[in-house]
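S.K.: Please find one structure pasted underneath; my questions will follow.
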Amino acid sequence: MLKFGVPLALAALLGVFLFVGLQRDPSYVPSPLIGKQAPQFKLPSLQDPSYPVDSQELAGKTWVLNVWGTWCSGCREEHETLVAIAKTGTVPIIGLDWKDDSGAAQDWLRQLGNPYAVVASDPEGRVAIDWGVYGAPETFLIGPDGKVLFKHIAPMTLEVWTKEFLPRIQAANAGAAPAGG
Amino acid sequence: MNYMTLPYFSRFARTVLVALLVVFAVPALAIDTERAFDDPALQARYETIGRELRCLVCQNQTIADSNATLAQDLRREVREMIAAGKTDDEIRTFMVDRYGDFVLYKPRMTPINYLLWAAPVLLLLLGTFVGIRFIRKQAAQADADGPEAGQS
């Protein structure tokens, strides 16, 4: 019994590892930022370059950073979803317009609707590098303590929003609420 | 005849010529043609680091090999950090803090990586141990079965 049991168990274990390996997306790179303080940034606003978008003003809030660009087809794909999410008013969505033409970006928001509380313009992609962005669209969730709670790399869907973001937002807000409040 | 006016090359000369053409054609494939630094030592560091960092959009290329926008941006960061006097380790740490260990083509020696590197040796030792035990057991079995079986 033991003679066949042990090799069989080992083979099954290897099979499980290989099967899990097959399911994984090799292009997905886990972010080292999860659980760490979100990088600070201060960038000109897309709509009004004289107005700075400062991440420090979001301290104490739960918010979402969505990295997009008009050149990015996945961003076009997720745009309606973002607009729908923004309408629920759960958390402010801050846009990071990554390596984009600001004229094209403004046209895009005018035509497709603007889900963003504010859009920071990052034409040189420096803030995006600080956030470890490598492929738009990327969506980060930042907690009231300024820590990155979650990162989604791919177009946002209602399923991802409901399954991954909403429970974390509720937990973060519950933790931040004053005792008895 | 016209072609007779062309210079005549021996087979050897032709081979050499083709080889030279191939050699000189390779730099034309280089992405980052402009030198980043006048100082050859800094340029060498720049090139070495560029070859160690993965371009995450095109994962099987280094940032020195790729012309993706992200690779260009990361090269710019490396260039600026070298110019600012940062050490190679500081530059690597900068990249790992943002993109994780995956950004390094040459993995760091972290405890989990030690285990990975040691795994083949450990598995070989385990296999040898199991093999020896198995052979001993077989031999003992053969002895117990009687001298005839052991002689075969």
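Naming scheme: A, B, ... for chains in displayed order of the structure tokens; residues 1 onward per chain; ligands 1 onward as shown.
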Go through chain A and flag each residue having an atom no more than 7 Å from chain B; for those, report the closest pair of atoms plus their distance in Å to one decimal, using only C-alpha atoms, ordered by chain and rising number, as a tab-separated table.

M.R.:
residue	atom	partner	partner_atom	distance
A:Ser31	CA	B:Tyr99	CA	6.4
A:Pro32	CA	B:Gly100	CA	5.3
A:Leu33	CA	B:Arg98	CA	6.9
A:Asp130	CA	B:Arg98	CA	6.0
A:Trp131	CA	B:Arg98	CA	6.2
A:Gly132	CA	B:Arg98	CA	4.5
A:Tyr134	CA	B:Leu56	CA	6.0
A:Gly135	CA	B:Val57	CA	6.4

S.K.: Find the spatial neighbours of A:Lys87, counting only C-alpha atoms, within a cut-off of 8 Å - ignore same-chain residues fewer than 3 positions away - and output them as a list in words.

M.R.: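 After dropping sequence-adjacent residues, the list is Val83, Ala84 and Pro115 of chain A.
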
S.K.: With only C-alpha atoms as the atoms that count, which of A:Gly69, A:Phe150, A:Ser121, A:Thr88 lies nearest to A:Ser50?

M.R.: A:Ser121

S.K.: Looking at B:Lys137, B:Arg14, B:Lys106, B:Lys86, which one is nearest to B:Thr62, with distances taken over only C-alpha atoms?

M.R.: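 Closest residue, counting only C-alpha atoms: B:Lys106.
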
S.K.: Can you tell me, as number ranges by chain, what residues are no more than 8 Å from A:Ala120 when counting only C-alpha atoms, ignoring any on the same chain fewer than 3 positions away?

M.R.: A: 43-46, 52-53, 94-97

S.K.: Identify all residues of stretch 14-179 of chain A in strand (DSSP E) (DSSP on the backbone) and supply them as a ChimeraX atom specification.

M.R.: /A:42-44,52-54,63-68,93-98,118-122,138-142,148-153

S.K.: Would you kindly return, as a PyMOL selection string, each protein, DNA or RNA residue with an atom no farther than 6 Å from any atom of stretch 77-80 of chain A, considering only C-alpha atoms and excluding same-chain residues fewer than 3 positions away?

M.R.: chain A and resi 74+83+155-156

S.K.: Using only C-alpha atoms, pick whichever of A:Leu18, A:Leu82, A:Ile169, A:Cys75 has the shortest atom-to-atom distance to A:Val148.

M.R.: A:Ile169
